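Since the structure comes first, as structure tokens, the remarks are kept for the end.
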Amino acid sequence: MEHYIQLFGQPFLVCSTMIFILGYLGIHVLKREIIFIDIALAQIAAVGAIAAHIIFGVHGDSFASYLWAFGFTIAASIFYSFTRRKISQIPLEAIIGVSYAIAAGAALFLVGIAPGGHIHIHQMLAGSILWVTSKDLLACVIVFSIVGLCFYIFRKPFREISDDYGHAVKKGIKVIWWDFLFYALFGIVITLVVRIGGVVVVFAFLIIPATISALFSSKPMIRLISCWGIGVVTTLIGFLFSDWLDFSVGPTISFFLGVVLILAGIFSYVKKIEEKSKSEVA
């Protein structure tokens, strides 16, 4: 037991804080039908960080690098907010996909000319969960607490826009402003968590628990608690199996989240068949 606590204690706590904020964001992402927003923002943030490294020679974990990455996500937040309101003939998900492709191309170009570019690629995809420090944990707790407080304070307009964008527009809600704030807060989280967990793990934390919760309930609080429970338990299993199999933590966690999603989908389907059969008999 002591071996696991020393090896996985701090990384598990960091992952747990990520699950708490990403679980909430995942519910909004599914409602807004912007599934790939985290990958797009992560890629855009990576372009900012790599550009800072090339231009100023700053290290990837420096505050200056983080500011550049966040600055790029702010620009993307402004862009997404306006395009959703002003360009109705193109789905926002398509715009997000195009921006991701452009950002990915830019990132690959920049890492090709940047010294140690392969390190940036590995960091972006796999993260460094096992090598997190108490400083990383403290940063996650502080940043996620502030962002979480903002989401709580502004929960009403965020929820109304997520539930029905068109209805929010008709009510006179300033959707461009609230969308910008939502994406900016989202960008703060993504810029931090991708550096720690990598794109694959972050995407899994964001989407899979929220998808599983949607299979069984439509009530926000039940869904949120389900996201947290599913994420924490599955992450713990992923850590244990990664040690047992001597395999990378991130892919292992993502794999087990995928397994849980498949099992939940099967269970939900069987449950609906049984309920349908009972209703026909009655």
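Note on naming: chains are A, B, ... as they come in the structure tokens, residues start from 1 per chain, ligands start from 1 in the order shown.
Excluding Thr83 of chain A and any residue on its chain fewer than 2 positions from it, the residues at most 12 Å away by only C-alpha atoms are Ala76, Ser77, Ile78, Phe79, Tyr80, Ser81, Arg85, Lys86, Ile87, Ser88, Gln89, Ile90, Pro91, Leu92, Glu93, Ala94, Ile95, Ile96, Ser99, Val175, Ile176, Asp179 and Phe180 of chain A.
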Give me a file of those residues, with N, CA and C atoms, as a JSON list (two decimals), in the first residue's frame.
[["chain", "number", "residue", "atom", "x", "y", "z"],
["A", 76, "ALA", "N", -8.84, 32.50, -29.60],
["A", 76, "ALA", "CA", -9.76, 31.48, -30.12],
["A", 76, "ALA", "C", -11.14, 31.63, -29.48],
["A", 77, "SER", "N", -11.20, 31.99, -28.20],
["A", 77, "SER", "CA", -12.47, 32.18, -27.50],
["A", 77, "SER", "C", -13.28, 33.30, -28.14],
["A", 78, "ILE", "N", -12.61, 34.40, -28.47],
["A", 78, "ILE", "CA", -13.29, 35.51, -29.14],
["A", 78, "ILE", "C", -13.82, 35.06, -30.50],
["A", 79, "PHE", "N", -12.99, 34.33, -31.22],
["A", 79, "PHE", "CA", -13.37, 33.85, -32.55],
["A", 79, "PHE", "C", -14.58, 32.92, -32.48],
["A", 80, "TYR", "N", -14.57, 31.95, -31.57],
["A", 80, "TYR", "CA", -15.69, 31.00, -31.46],
["A", 80, "TYR", "C", -16.97, 31.71, -31.03],
["A", 81, "SER", "N", -16.85, 32.67, -30.12],
["A", 81, "SER", "CA", -18.03, 33.38, -29.63],
["A", 81, "SER", "C", -18.73, 34.15, -30.74],
["A", 85, "ARG", "N", -22.50, 33.16, -33.23],
["A", 85, "ARG", "CA", -23.62, 34.10, -33.29],
["A", 85, "ARG", "C", -23.80, 34.68, -34.69],
["A", 86, "LYS", "N", -22.69, 34.92, -35.39],
["A", 86, "LYS", "CA", -22.76, 35.65, -36.64],
["A", 86, "LYS", "C", -22.79, 34.76, -37.88],
["A", 87, "ILE", "N", -22.31, 33.51, -37.76],
["A", 87, "ILE", "CA", -22.26, 32.62, -38.94],
["A", 87, "ILE", "C", -23.13, 31.41, -38.64],
["A", 88, "SER", "N", -24.42, 31.56, -38.86],
["A", 88, "SER", "CA", -25.36, 30.51, -38.50],
["A", 88, "SER", "C", -25.41, 29.37, -39.51],
["A", 89, "GLN", "N", -24.94, 29.62, -40.76],
["A", 89, "GLN", "CA", -25.04, 28.59, -41.78],
["A", 89, "GLN", "C", -23.97, 27.50, -41.66],
["A", 90, "ILE", "N", -22.99, 27.72, -40.79],
["A", 90, "ILE", "CA", -21.94, 26.72, -40.57],
["A", 90, "ILE", "C", -21.97, 26.29, -39.12],
["A", 91, "PRO", "N", -22.12, 25.00, -38.82],
["A", 91, "PRO", "CA", -22.14, 24.53, -37.43],
["A", 91, "PRO", "C", -20.84, 24.89, -36.71],
["A", 92, "LEU", "N", -20.97, 25.24, -35.44],
["A", 92, "LEU", "CA", -19.79, 25.60, -34.66],
["A", 92, "LEU", "C", -18.80, 24.44, -34.59],
["A", 93, "GLU", "N", -19.31, 23.21, -34.52],
["A", 93, "GLU", "CA", -18.43, 22.04, -34.46],
["A", 93, "GLU", "C", -17.54, 21.96, -35.69],
["A", 94, "ALA", "N", -18.09, 22.34, -36.86],
["A", 94, "ALA", "CA", -17.28, 22.35, -38.08],
["A", 94, "ALA", "C", -16.20, 23.41, -38.01],
["A", 95, "ILE", "N", -16.55, 24.57, -37.48],
["A", 95, "ILE", "CA", -15.57, 25.66, -37.33],
["A", 95, "ILE", "C", -14.47, 25.23, -36.36],
["A", 96, "ILE", "N", -14.86, 24.57, -35.29],
["A", 96, "ILE", "CA", -13.88, 24.07, -34.32],
["A", 96, "ILE", "C", -12.95, 23.06, -34.98],
["A", 99, "SER", "N", -10.49, 24.87, -37.24],
["A", 99, "SER", "CA", -9.48, 25.59, -36.46],
["A", 99, "SER", "C", -8.48, 24.61, -35.85],
["A", 175, "VAL", "N", -25.32, 36.57, -25.66],
["A", 175, "VAL", "CA", -24.69, 35.26, -25.85],
["A", 175, "VAL", "C", -23.22, 35.37, -26.25],
["A", 176, "ILE", "N", -22.87, 36.40, -27.00],
["A", 176, "ILE", "CA", -21.47, 36.54, -27.43],
["A", 176, "ILE", "C", -20.57, 36.74, -26.20],
["A", 179, "ASP", "N", -20.61, 33.49, -24.07],
["A", 179, "ASP", "CA", -19.84, 32.44, -24.75],
["A", 179, "ASP", "C", -18.35, 32.72, -24.63],
["A", 180, "PHE", "N", -17.97, 33.98, -24.79],
["A", 180, "PHE", "CA", -16.55, 34.33, -24.66],
["A", 180, "PHE", "C", -16.04, 33.99, -23.26]]
Exercise. Just the residues within 7 Å of segment 27-35 of chain A, please, counting only C-alpha atoms, with nothing from its chain fewer than 3 positions along; format it as a PyMOL selection string.
Key: chain A and resi 23-24+93+162-163+210
Quiz item: Got a sec to tell me which of segment 50-181 of chain A DSSP assigns to helix (DSSP H, G or I), as JSON, numbers by chain?
Solution: {"A": [50, 51, 52, 53, 54, 55, 56, 63, 64, 65, 66, 67, 68, 69, 70, 71, 72, 73, 74, 75, 76, 77, 78, 79, 80, 81, 82, 83, 84, 85, 86, 92, 93, 94, 95, 96, 97, 98, 99, 100, 101, 102, 103, 104, 105, 106, 107, 108, 109, 110, 111, 112, 113, 117, 118, 119, 120, 121, 122, 123, 124, 125, 126, 129, 130, 131, 134, 135, 136, 137, 138, 139, 140, 141, 142, 143, 144, 145, 146, 147, 148, 149, 150, 151, 152, 153, 155, 156, 157, 158, 159, 160, 161, 162, 163, 165, 166, 167, 168, 169, 170, 175, 176, 177, 178, 179, 180, 181]}
Quiz item: What is the atom CA of Ala204 of chain A-atom CA of Gly231 of chain A distance in Å, reported with one decimal?
Solution: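 Between atom CA of Ala204 of chain A and atom CA of Gly231 of chain A the gap works out to 9.3 Å.
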